[in-house]
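Have a look at structure_38.pdb below; it lists PDB, C-alpha atoms.
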ATOM      1  CA  ASP A1438      -7.505   1.886  -2.016  1.00  0.00           C
ATOM      2  CA  THR A1439      -5.652  -1.422  -1.956  1.00  0.00           C
ATOM      3  CA  GLU A1440      -7.172  -3.203   0.973  1.00  0.00           C
ATOM      4  CA  VAL A1441      -9.991  -5.496   1.972  1.00  0.00           C
ATOM      5  CA  THR A1442     -11.922  -4.321   5.019  1.00  0.00           C
ATOM      6  CA  GLN A1443     -14.043  -6.452   7.319  1.00  0.00           C
ATOM      7  CA  THR A1444     -16.508  -5.544  10.032  1.00  0.00           C
ATOM      8  CA  PRO A1445     -16.889  -6.159  12.844  1.00  0.00           C
ATOM      9  CA  LYS A1446     -13.417  -7.070  14.115  1.00  0.00           C
ATOM     10  CA  HIS A1447     -14.900  -9.124  16.942  1.00  0.00           C
ATOM     11  CA  LEU A1448     -18.355 -10.643  17.361  1.00  0.00           C
ATOM     12  CA  VAL A1449     -19.856 -12.592  20.246  1.00  0.00           C
ATOM     13  CA  MET A1450     -23.237 -14.169  19.652  1.00  0.00           C
ATOM     14  CA  GLY A1451     -25.574 -16.697  21.172  1.00  0.00           C
ATOM     15  CA  MET A1452     -26.793 -19.767  19.361  1.00  0.00           C
ATOM     16  CA  THR A1453     -30.206 -18.191  18.728  1.00  0.00           C
ATOM     17  CA  ASN A1454     -28.901 -14.886  17.394  1.00  0.00           C
ATOM     18  CA  LYS A1455     -28.848 -13.662  13.808  1.00  0.00           C
ATOM     19  CA  LYS A1456     -25.818 -11.605  12.812  1.00  0.00           C
ATOM     20  CA  SER A1457     -23.947 -10.625   9.677  1.00  0.00           C
ATOM     21  CA  LEU A1458     -20.297 -10.236   8.750  1.00  0.00           C
ATOM     22  CA  LYS A1459     -19.387  -7.642   6.151  1.00  0.00           C
ATOM     23  CA  CYS A1460     -16.523  -7.400   3.702  1.00  0.00           C
ATOM     24  CA  GLU A1461     -15.681  -4.593   1.290  1.00  0.00           C
ATOM     25  CA  GLN A1462     -13.057  -3.924  -1.367  1.00  0.00           C
ATOM     26  CA  HIS A1463     -12.635  -1.101  -3.860  1.00  0.00           C
ATOM     27  CA  MET A1464      -9.868  -2.579  -5.993  1.00  0.00           C
ATOM     28  CA  GLY A1465     -12.204  -3.539  -8.834  1.00  0.00           C
ATOM     29  CA  HIS A1466     -11.791  -7.213  -8.006  1.00  0.00           C
ATOM     30  CA  ARG A1467     -14.482  -9.485  -9.431  1.00  0.00           C
ATOM     31  CA  ALA A1468     -13.968 -12.531  -7.226  1.00  0.00           C
ATOM     32  CA  MET A1469     -14.599 -12.575  -3.477  1.00  0.00           C
ATOM     33  CA  TYR A1470     -14.147 -15.359  -0.969  1.00  0.00           C
ATOM     34  CA  TRP A1471     -15.129 -16.389   2.540  1.00  0.00           C
ATOM     35  CA  TYR A1472     -12.738 -18.544   4.580  1.00  0.00           C
ATOM     36  CA  LYS A1473     -13.014 -20.013   8.062  1.00  0.00           C
ATOM     37  CA  GLN A1474      -9.843 -20.414  10.101  1.00  0.00           C
ATOM     38  CA  LYS A1475      -9.522 -22.300  13.376  1.00  0.00           C
ATOM     39  CA  ALA A1476      -6.551 -21.698  15.669  1.00  0.00           C
ATOM     40  CA  LYS A1477      -3.237 -23.017  14.355  1.00  0.00           C
ATOM     41  CA  LYS A1478      -4.905 -24.296  11.177  1.00  0.00           C
ATOM     42  CA  PRO A1479      -4.804 -22.961   7.616  1.00  0.00           C
ATOM     43  CA  PRO A1480      -7.846 -21.133   6.215  1.00  0.00           C
ATOM     44  CA  GLU A1481     -10.634 -23.342   4.861  1.00  0.00           C
ATOM     45  CA  LEU A1482     -12.543 -22.141   1.820  1.00  0.00           C
ATOM     46  CA  MET A1483     -16.294 -21.688   2.381  1.00  0.00           C
ATOM     47  CA  PHE A1484     -17.709 -19.722  -0.554  1.00  0.00           C
ATOM     48  CA  VAL A1485     -16.557 -18.047  -3.747  1.00  0.00           C
ATOM     49  CA  TYR A1486     -18.404 -15.327  -5.633  1.00  0.00           C
ATOM     50  CA  SER A1487     -17.375 -14.659  -9.188  1.00  0.00           C
ATOM     51  CA  TYR A1488     -18.864 -11.632 -10.950  1.00  0.00           C
ATOM     52  CA  GLU A1489     -21.410 -11.375  -8.130  1.00  0.00           C
ATOM     53  CA  LYS A1490     -22.646 -14.924  -8.595  1.00  0.00           C
ATOM     54  CA  LEU A1491     -22.034 -17.772  -6.171  1.00  0.00           C
ATOM     55  CA  SER A1492     -19.655 -20.084  -7.984  1.00  0.00           C
ATOM     56  CA  ILE A1493     -18.399 -22.341  -5.205  1.00  0.00           C
ATOM     57  CA  ASN A1494     -20.026 -23.561  -1.991  1.00  0.00           C
ATOM     58  CA  GLU A1495     -17.727 -25.993  -0.206  1.00  0.00           C
ATOM     59  CA  SER A1496     -20.610 -27.923   1.409  1.00  0.00           C
ATOM     60  CA  VAL A1497     -21.062 -25.282   4.079  1.00  0.00           C
ATOM     61  CA  PRO A1498     -24.009 -25.766   6.510  1.00  0.00           C
ATOM     62  CA  SER A1499     -27.061 -23.659   5.712  1.00  0.00           C
ATOM     63  CA  ARG A1500     -26.690 -21.712   8.971  1.00  0.00           C
ATOM     64  CA  PHE A1501     -24.083 -19.748   6.973  1.00  0.00           C
ATOM     65  CA  SER A1502     -25.668 -17.748   4.159  1.00  0.00           C
ATOM     66  CA  PRO A1503     -23.493 -15.635   1.837  1.00  0.00           C
ATOM     67  CA  GLU A1504     -24.686 -12.633  -0.104  1.00  0.00           C
ATOM     68  CA  CYS A1505     -22.981 -10.439  -2.683  1.00  0.00           C
ATOM     69  CA  PRO A1506     -25.071  -7.251  -3.130  1.00  0.00           C
ATOM     70  CA  ASN A1507     -22.594  -5.774  -5.629  1.00  0.00           C
ATOM     71  CA  SER A1508     -19.050  -6.270  -6.874  1.00  0.00           C
ATOM     72  CA  SER A1509     -17.540  -4.439  -3.882  1.00  0.00           C
ATOM     73  CA  LEU A1510     -19.489  -5.987  -1.033  1.00  0.00           C
ATOM     74  CA  LEU A1511     -19.723  -9.461   0.417  1.00  0.00           C
ATOM     75  CA  ASN A1512     -21.822 -10.443   3.414  1.00  0.00           C
ATOM     76  CA  LEU A1513     -22.015 -13.600   5.479  1.00  0.00           C
ATOM     77  CA  HIS A1514     -25.311 -14.014   7.337  1.00  0.00           C
ATOM     78  CA  LEU A1515     -25.181 -16.158  10.454  1.00  0.00           C
ATOM     79  CA  HIS A1516     -28.122 -17.891  12.124  1.00  0.00           C
ATOM     80  CA  ALA A1517     -28.399 -20.639  14.728  1.00  0.00           C
ATOM     81  CA  LEU A1518     -24.661 -21.158  14.930  1.00  0.00           C
ATOM     82  CA  GLN A1519     -22.966 -23.709  17.129  1.00  0.00           C
ATOM     83  CA  PRO A1520     -20.056 -23.155  19.535  1.00  0.00           C
ATOM     84  CA  GLU A1521     -17.799 -25.099  17.162  1.00  0.00           C
ATOM     85  CA  ASP A1522     -18.387 -22.376  14.571  1.00  0.00           C
ATOM     86  CA  SER A1523     -16.236 -20.054  16.662  1.00  0.00           C
ATOM     87  CA  ALA A1524     -13.279 -19.097  14.481  1.00  0.00           C
ATOM     88  CA  LEU A1525     -11.603 -16.312  12.536  1.00  0.00           C
ATOM     89  CA  TYR A1526     -13.617 -15.571   9.398  1.00  0.00           C
ATOM     90  CA  LEU A1527     -11.532 -14.188   6.588  1.00  0.00           C
ATOM     91  CA  CYS A1528     -12.688 -12.425   3.462  1.00  0.00           C
ATOM     92  CA  ALA A1529     -10.479 -12.258   0.383  1.00  0.00           C
ATOM     93  CA  SER A1530     -10.718 -10.845  -3.111  1.00  0.00           C
ATOM     94  CA  SER A1531      -8.900 -11.353  -6.386  1.00  0.00           C
ATOM     95  CA  LEU A1532      -8.869  -9.534  -9.677  1.00  0.00           C
ATOM     96  CA  MET A1533     -10.614 -11.947 -11.962  1.00  0.00           C
ATOM     97  CA  GLY A1534     -13.650 -14.143 -11.680  1.00  0.00           C
ATOM     98  CA  GLY A1535     -12.493 -16.721 -14.172  1.00  0.00           C
ATOM     99  CA  GLY A1536      -9.223 -18.598 -13.747  1.00  0.00           C
ATOM    100  CA  LEU A1537      -9.631 -18.191 -10.036  1.00  0.00           C
ATOM    101  CA  GLY A1538      -6.659 -20.282  -9.051  1.00  0.00           C
ATOM    102  CA  ASN A1539      -4.295 -18.038 -10.997  1.00  0.00           C
ATOM    103  CA  ASN A1540      -5.137 -14.806  -9.288  1.00  0.00           C
ATOM    104  CA  GLU A1541      -3.442 -13.457  -6.211  1.00  0.00           C
ATOM    105  CA  GLN A1542      -5.820 -13.152  -3.289  1.00  0.00           C
ATOM    106  CA  PHE A1543      -5.854 -10.163  -0.977  1.00  0.00           C
ATOM    107  CA  PHE A1544      -7.115 -10.943   2.508  1.00  0.00           C
ATOM    108  CA  GLY A1545      -8.981  -8.789   4.976  1.00  0.00           C
ATOM    109  CA  PRO A1546      -8.014  -8.657   8.663  1.00  0.00           C
ATOM    110  CA  GLY A1547     -10.765 -11.088   9.628  1.00  0.00           C
ATOM    111  CA  THR A1548     -13.645 -11.165  12.093  1.00  0.00           C
ATOM    112  CA  ARG A1549     -13.054 -13.085  15.314  1.00  0.00           C
ATOM    113  CA  LEU A1550     -16.359 -14.853  15.988  1.00  0.00           C
ATOM    114  CA  THR A1551     -17.261 -16.435  19.319  1.00  0.00           C
ATOM    115  CA  VAL A1552     -20.481 -18.436  19.641  1.00  0.00           C
ATOM    116  CA  LEU A1553     -21.689 -18.986  23.201  1.00  0.00           C
TER     117      LEU A1553
ATOM    118  CA  LYS B 624      -4.012 -36.181  -3.875  1.00  0.00           C
ATOM    119  CA  ASN B 625      -3.179 -32.462  -3.976  1.00  0.00           C
ATOM    120  CA  GLN B 626      -1.216 -31.573  -0.874  1.00  0.00           C
ATOM    121  CA  VAL B 627       1.045 -28.867   0.456  1.00  0.00           C
ATOM    122  CA  GLU B 628       3.358 -29.774   3.316  1.00  0.00           C
ATOM    123  CA  GLN B 629       5.432 -27.294   5.267  1.00  0.00           C
ATOM    124  CA  SER B 630       8.339 -27.784   7.597  1.00  0.00           C
ATOM    125  CA  PRO B 631       9.196 -27.206  10.292  1.00  0.00           C
ATOM    126  CA  GLN B 632       5.850 -26.815  12.072  1.00  0.00           C
ATOM    127  CA  SER B 633       7.435 -24.300  14.415  1.00  0.00           C
ATOM    128  CA  LEU B 634      10.775 -22.569  14.709  1.00  0.00           C
ATOM    129  CA  ILE B 635      12.411 -20.343  17.308  1.00  0.00           C
ATOM    130  CA  ILE B 636      15.459 -18.277  16.405  1.00  0.00           C
ATOM    131  CA  LEU B 637      17.333 -15.340  17.879  1.00  0.00           C
ATOM    132  CA  GLU B 638      16.859 -11.861  16.529  1.00  0.00           C
ATOM    133  CA  GLY B 639      19.312 -11.081  13.756  1.00  0.00           C
ATOM    134  CA  LYS B 640      19.710 -14.691  12.647  1.00  0.00           C
ATOM    135  CA  ASN B 641      18.655 -16.107   9.288  1.00  0.00           C
ATOM    136  CA  CYS B 642      16.232 -18.962   8.745  1.00  0.00           C
ATOM    137  CA  THR B 643      14.731 -21.031   5.937  1.00  0.00           C
ATOM    138  CA  LEU B 644      11.237 -22.454   5.774  1.00  0.00           C
ATOM    139  CA  GLN B 645      10.325 -25.329   3.472  1.00  0.00           C
ATOM    140  CA  CYS B 646       7.288 -26.142   1.365  1.00  0.00           C
ATOM    141  CA  ASN B 647       6.753 -29.346  -0.646  1.00  0.00           C
ATOM    142  CA  TYR B 648       3.719 -29.798  -2.822  1.00  0.00           C
ATOM    143  CA  THR B 649       2.044 -32.394  -4.971  1.00  0.00           C
ATOM    144  CA  VAL B 650      -0.489 -30.076  -6.629  1.00  0.00           C
ATOM    145  CA  SER B 651      -0.842 -30.791 -10.317  1.00  0.00           C
ATOM    146  CA  PRO B 652      -1.214 -29.149 -12.729  1.00  0.00           C
ATOM    147  CA  PHE B 653       0.725 -26.330 -11.118  1.00  0.00           C
ATOM    148  CA  SER B 654      -0.113 -22.672 -11.633  1.00  0.00           C
ATOM    149  CA  ASN B 655       1.633 -20.633  -8.964  1.00  0.00           C
ATOM    150  CA  LEU B 656       3.010 -20.729  -5.441  1.00  0.00           C
ATOM    151  CA  ARG B 657       2.615 -17.977  -2.879  1.00  0.00           C
ATOM    152  CA  TRP B 658       4.062 -17.321   0.518  1.00  0.00           C
ATOM    153  CA  TYR B 659       1.911 -15.449   3.024  1.00  0.00           C
ATOM    154  CA  LYS B 660       2.755 -14.009   6.434  1.00  0.00           C
ATOM    155  CA  GLN B 661      -0.038 -14.152   8.996  1.00  0.00           C
ATOM    156  CA  ASP B 662       0.146 -12.401  12.335  1.00  0.00           C
ATOM    157  CA  THR B 663      -1.949 -13.958  15.096  1.00  0.00           C
ATOM    158  CA  GLY B 664      -5.623 -13.045  14.690  1.00  0.00           C
ATOM    159  CA  ARG B 665      -5.023 -11.181  11.432  1.00  0.00           C
ATOM    160  CA  GLY B 666      -5.500 -11.950   7.765  1.00  0.00           C
ATOM    161  CA  PRO B 667      -2.635 -13.349   5.674  1.00  0.00           C
ATOM    162  CA  VAL B 668      -0.471 -10.849   3.819  1.00  0.00           C
ATOM    163  CA  SER B 669       1.197 -11.832   0.570  1.00  0.00           C
ATOM    164  CA  LEU B 670       5.011 -11.915   0.534  1.00  0.00           C
ATOM    165  CA  THR B 671       5.803 -13.449  -2.865  1.00  0.00           C
ATOM    166  CA  ILE B 672       4.083 -15.166  -5.760  1.00  0.00           C
ATOM    167  CA  MET B 673       5.950 -17.332  -8.258  1.00  0.00           C
ATOM    168  CA  THR B 674       4.882 -19.077 -11.424  1.00  0.00           C
ATOM    169  CA  PHE B 675       6.353 -22.144 -13.068  1.00  0.00           C
ATOM    170  CA  SER B 676       9.117 -20.265 -14.860  1.00  0.00           C
ATOM    171  CA  GLU B 677      10.397 -18.336 -11.843  1.00  0.00           C
ATOM    172  CA  ASN B 678      13.177 -19.729  -9.655  1.00  0.00           C
ATOM    173  CA  THR B 679      13.564 -16.981  -7.121  1.00  0.00           C
ATOM    174  CA  LYS B 680      11.811 -13.845  -5.985  1.00  0.00           C
ATOM    175  CA  SER B 681      12.713 -11.372  -3.277  1.00  0.00           C
ATOM    176  CA  ASN B 682      10.691  -8.976  -1.159  1.00  0.00           C
ATOM    177  CA  GLY B 683      13.025  -7.067   1.141  1.00  0.00           C
ATOM    178  CA  ARG B 684      14.535  -9.516   3.620  1.00  0.00           C
ATOM    179  CA  TYR B 685      12.346 -12.333   2.294  1.00  0.00           C
ATOM    180  CA  THR B 686      13.598 -14.486  -0.593  1.00  0.00           C
ATOM    181  CA  ALA B 687      11.530 -17.328  -2.005  1.00  0.00           C
ATOM    182  CA  THR B 688      12.850 -20.055  -4.273  1.00  0.00           C
ATOM    183  CA  LEU B 689      10.955 -22.514  -6.407  1.00  0.00           C
ATOM    184  CA  ASP B 690      12.066 -25.790  -7.983  1.00  0.00           C
ATOM    185  CA  ALA B 691       9.151 -26.872 -10.131  1.00  0.00           C
ATOM    186  CA  ASP B 692      10.890 -30.142 -11.044  1.00  0.00           C
ATOM    187  CA  THR B 693      11.174 -31.359  -7.461  1.00  0.00           C
ATOM    188  CA  LYS B 694       8.042 -29.439  -6.415  1.00  0.00           C
ATOM    189  CA  GLN B 695       9.807 -27.684  -3.582  1.00  0.00           C
ATOM    190  CA  SER B 696       9.897 -24.106  -2.420  1.00  0.00           C
ATOM    191  CA  SER B 697      11.714 -22.337   0.359  1.00  0.00           C
ATOM    192  CA  LEU B 698      11.355 -18.984   2.079  1.00  0.00           C
ATOM    193  CA  HIS B 699      14.578 -17.516   3.405  1.00  0.00           C
ATOM    194  CA  ILE B 700      14.422 -14.720   5.970  1.00  0.00           C
ATOM    195  CA  THR B 701      17.564 -12.669   6.413  1.00  0.00           C
ATOM    196  CA  ALA B 702      18.563 -10.752   9.546  1.00  0.00           C
ATOM    197  CA  SER B 703      15.368 -11.618  11.388  1.00  0.00           C
ATOM    198  CA  GLN B 704      13.490  -8.994  13.394  1.00  0.00           C
ATOM    199  CA  LEU B 705      11.043  -9.347  16.252  1.00  0.00           C
ATOM    200  CA  SER B 706       8.249  -8.317  13.884  1.00  0.00           C
ATOM    201  CA  ASP B 707       8.933 -11.404  11.784  1.00  0.00           C
ATOM    202  CA  SER B 708       7.267 -13.507  14.476  1.00  0.00           C
ATOM    203  CA  ALA B 709       4.212 -14.906  12.694  1.00  0.00           C
ATOM    204  CA  SER B 710       2.897 -17.913  10.803  1.00  0.00           C
ATOM    205  CA  TYR B 711       4.171 -18.349   7.273  1.00  0.00           C
ATOM    206  CA  ILE B 712       1.798 -20.122   4.941  1.00  0.00           C
ATOM    207  CA  CYS B 713       2.657 -21.685   1.600  1.00  0.00           C
ATOM    208  CA  VAL B 714      -0.266 -21.671  -0.858  1.00  0.00           C
ATOM    209  CA  VAL B 715      -0.236 -23.512  -4.169  1.00  0.00           C
ATOM    210  CA  SER B 716      -2.726 -22.956  -6.980  1.00  0.00           C
ATOM    211  CA  GLY B 717      -3.556 -25.703  -9.380  1.00  0.00           C
ATOM    212  CA  ASP B 718      -5.976 -25.325 -12.249  1.00  0.00           C
ATOM    213  CA  SER B 719      -8.562 -22.583 -12.762  1.00  0.00           C
ATOM    214  CA  SER B 720     -10.906 -23.653  -9.979  1.00  0.00           C
ATOM    215  CA  ALA B 721     -10.679 -21.817  -6.645  1.00  0.00           C
ATOM    216  CA  SER B 722     -11.082 -25.120  -4.874  1.00  0.00           C
ATOM    217  CA  LYS B 723      -7.629 -26.010  -6.205  1.00  0.00           C
ATOM    218  CA  ILE B 724      -6.009 -23.340  -4.036  1.00  0.00           C
ATOM    219  CA  ILE B 725      -4.255 -25.554  -1.487  1.00  0.00           C
ATOM    220  CA  PHE B 726      -3.021 -24.093   1.789  1.00  0.00           C
ATOM    221  CA  GLY B 727      -0.152 -25.559   3.757  1.00  0.00           C
ATOM    222  CA  SER B 728      -0.507 -25.821   7.531  1.00  0.00           C
ATOM    223  CA  GLY B 729       2.050 -23.097   8.047  1.00  0.00           C
ATOM    224  CA  THR B 730       5.261 -22.654  10.007  1.00  0.00           C
ATOM    225  CA  ARG B 731       4.995 -20.735  13.259  1.00  0.00           C
ATOM    226  CA  LEU B 732       8.122 -18.605  13.569  1.00  0.00           C
ATOM    227  CA  SER B 733       9.118 -16.975  16.847  1.00  0.00           C
ATOM    228  CA  ILE B 734      11.945 -14.480  17.019  1.00  0.00           C
ATOM    229  CA  ARG B 735      13.553 -14.107  20.443  1.00  0.00           C
ATOM    230  CA  PRO B 736      15.479 -10.953  21.476  1.00  0.00           C
TER     231      PRO B 736
END
Would you mind writing the file's structure down as structure tokens?
Amino acid sequence: DTEVTQTPKHLVMGMTNKKSLKCEQHMGHRAMYWYKQKAKKPPELMFVYSYEKLSINESVPSRFSPECPNSSLLNLHLHALQPEDSALYLCASSLMGGGLGNNEQFFGPGTRLTVL
Amino acid sequence: KNQVEQSPQSLIILEGKNCTLQCNYTVSPFSNLRWYKQDTGRGPVSLTIMTFSENTKSNGRYTATLDADTKQSSLHITASQLSDSASYICVVSGDSSASKIIFGSGTRLSIRP
């Protein structure tokens, strides 16, 4: 298995809803990432987990809460989002936790999130 | 300031023609440079990855070049196909921190029949 899977593919939620995005990989990768991508813009790094521990939080608002239950799974819990949070949310993984910048990242297909 | 700049922003060519996309970077220290292809609404897919010592790398009809002295890279697409229509993103990695992975803004390529 050489892919990163994400569910759901599409999500529409209201500003008072609580939802979660899921990401899974079975490549034995020890680093996992969440990115946010607005239309016609490059992905923006949100969080990095290295060996199941949060290693980087790029000053993301607390309405986004990441969780890494084990080395294969990564969740992003959403609560009280704003319409401007609508975007494509990408999950990625790479082989090693240390030396993160040197490892090729494999991206999932993304979740298209719309906040009403 | 670590930056990755791509040109052109967008490009339209006829099917079967060749094209070259450019990437200039100021990321230092340099670790590697990757080219990704991203279809609309999908995740990026890696095309090539090159380290400091590599000058060129091919993946089918895609050939990437790297000049680490001038800090420039190019992606050449040969005999374009309609399925090549996508955004092509240049990504440069600096030191060992993930926050040093710098994404370019991408080139939106459209192939016309």
Box along x, y and z, 6 Å on every side, all listed atoms of region 1467-1478 of chain A inside: centre and edge lengths in Å to one decimal, as lines of an AutoDock Vina configuration file.
center_x = -9.2
center_y = -16.9
center_z = 3.1
size_x = 23.9
size_y = 26.8
size_z = 37.1
Sorted by chain and rising residue number, list the residues of region 682-718 of chain B at most 9 Å from region 653-668 of chain B (counting all atoms listed in the file), each with its closest atom pair and distance in Å to one decimal, as a Markdown table.
| residue | atom | partner | partner_atom | distance |
| --- | --- | --- | --- | --- |
| B:Ala687 | CA | B:Trp658 | CA | 7.9 |
| B:Leu689 | CA | B:Leu656 | CA | 8.2 |
| B:Ala691 | CA | B:Phe653 | CA | 8.5 |
| B:Ser696 | CA | B:Leu656 | CA | 8.2 |
| B:Leu698 | CA | B:Trp658 | CA | 7.6 |
| B:Asp707 | CA | B:Lys660 | CA | 8.6 |
| B:Ser708 | CA | B:Asp662 | CA | 7.5 |
| B:Ala709 | CA | B:Asp662 | CA | 4.8 |
| B:Ser710 | CA | B:Gln661 | CA | 5.1 |
| B:Tyr711 | CA | B:Lys660 | CA | 4.6 |
| B:Ile712 | CA | B:Tyr659 | CA | 5.1 |
| B:Cys713 | CA | B:Trp658 | CA | 4.7 |
| B:Val714 | CA | B:Arg657 | CA | 5.1 |
| B:Val715 | CA | B:Leu656 | CA | 4.5 |
| B:Ser716 | CA | B:Asn655 | CA | 5.3 |
| B:Gly717 | CA | B:Phe653 | CA | 4.7 |
| B:Asp718 | CA | B:Ser654 | CA | 6.5 |
Create the file for the chosen residues now, containing C-alpha atoms and written as an mmCIF file, in the coordinates of the input.
data_model
loop_
_atom_site.group_PDB
_atom_site.id
_atom_site.type_symbol
_atom_site.label_atom_id
_atom_site.label_comp_id
_atom_site.auth_asym_id
_atom_site.auth_seq_id
_atom_site.Cartn_x
_atom_site.Cartn_y
_atom_site.Cartn_z
ATOM 1 C CA ALA B 687 11.530 -17.328 -2.005
ATOM 2 C CA LEU B 689 10.955 -22.514 -6.407
ATOM 3 C CA ALA B 691 9.151 -26.872 -10.131
ATOM 4 C CA SER B 696 9.897 -24.106 -2.420
ATOM 5 C CA LEU B 698 11.355 -18.984 2.079
ATOM 6 C CA ASP B 707 8.933 -11.404 11.784
ATOM 7 C CA SER B 708 7.267 -13.507 14.476
ATOM 8 C CA ALA B 709 4.212 -14.906 12.694
ATOM 9 C CA SER B 710 2.897 -17.913 10.803
ATOM 10 C CA TYR B 711 4.171 -18.349 7.273
ATOM 11 C CA ILE B 712 1.798 -20.122 4.941
ATOM 12 C CA CYS B 713 2.657 -21.685 1.600
ATOM 13 C CA VAL B 714 -0.266 -21.671 -0.858
ATOM 14 C CA VAL B 715 -0.236 -23.512 -4.169
ATOM 15 C CA SER B 716 -2.726 -22.956 -6.980
ATOM 16 C CA GLY B 717 -3.556 -25.703 -9.380
ATOM 17 C CA ASP B 718 -5.976 -25.325 -12.249
#
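Between Glu1440 (chain A) and the residues A:Ser1523, A:Ser1508, A:Ser1531, A:Ser1496, the shortest atom-to-atom distance, using all atoms listed in the file, involves A:Ser1531.
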**Message:** Residues of chain A within 10 Å of chain B, counting only C-alpha atoms, what are they? List them as number ranges by chain.
**Reply:** A: 1441, 1446, 1468, 1470, 1474, 1476-1485, 1492-1495, 1524-1529, 1534-1549
**Request:** Choose the residue, out of B:Ser681, B:Ile635, B:Asn625, B:Asp692, that has the smallest atom-to-atom separation from Leu705 (chain B); count only C-alpha atoms.
**Result:**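 Of the candidates, the smallest distance to Leu705 (chain B) is held by B:Ile635.
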**Residues in the PyMOL selection byres ((chain A and resi 1502) around 9), expressed as a PyMOL selection string** = chain A and resi 1497-1501+1503-1504+1512-1516
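Distance annotation: of A:Gln1519, A:Ser1509, A:Thr1453, A:Thr1444, the residue with the minimal separation from Thr1551 (chain A) is A:Gln1519; atom set is all atoms listed in the file.
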**Item:** Between CA of Met673 (chain B) and CA of Ser703 (chain B) - distance in Å to one decimal
**Value:**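 Atom-to-atom, CA of Ser703 (chain B) and CA of Met673 (chain B) are spaced 22.5 Å apart.
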**Message:** Just the number, please: distance in Å from CA of Leu1458 (chain A) to CA of Met1533 (chain A), one decimal.
**Reply:** 22.9 Å
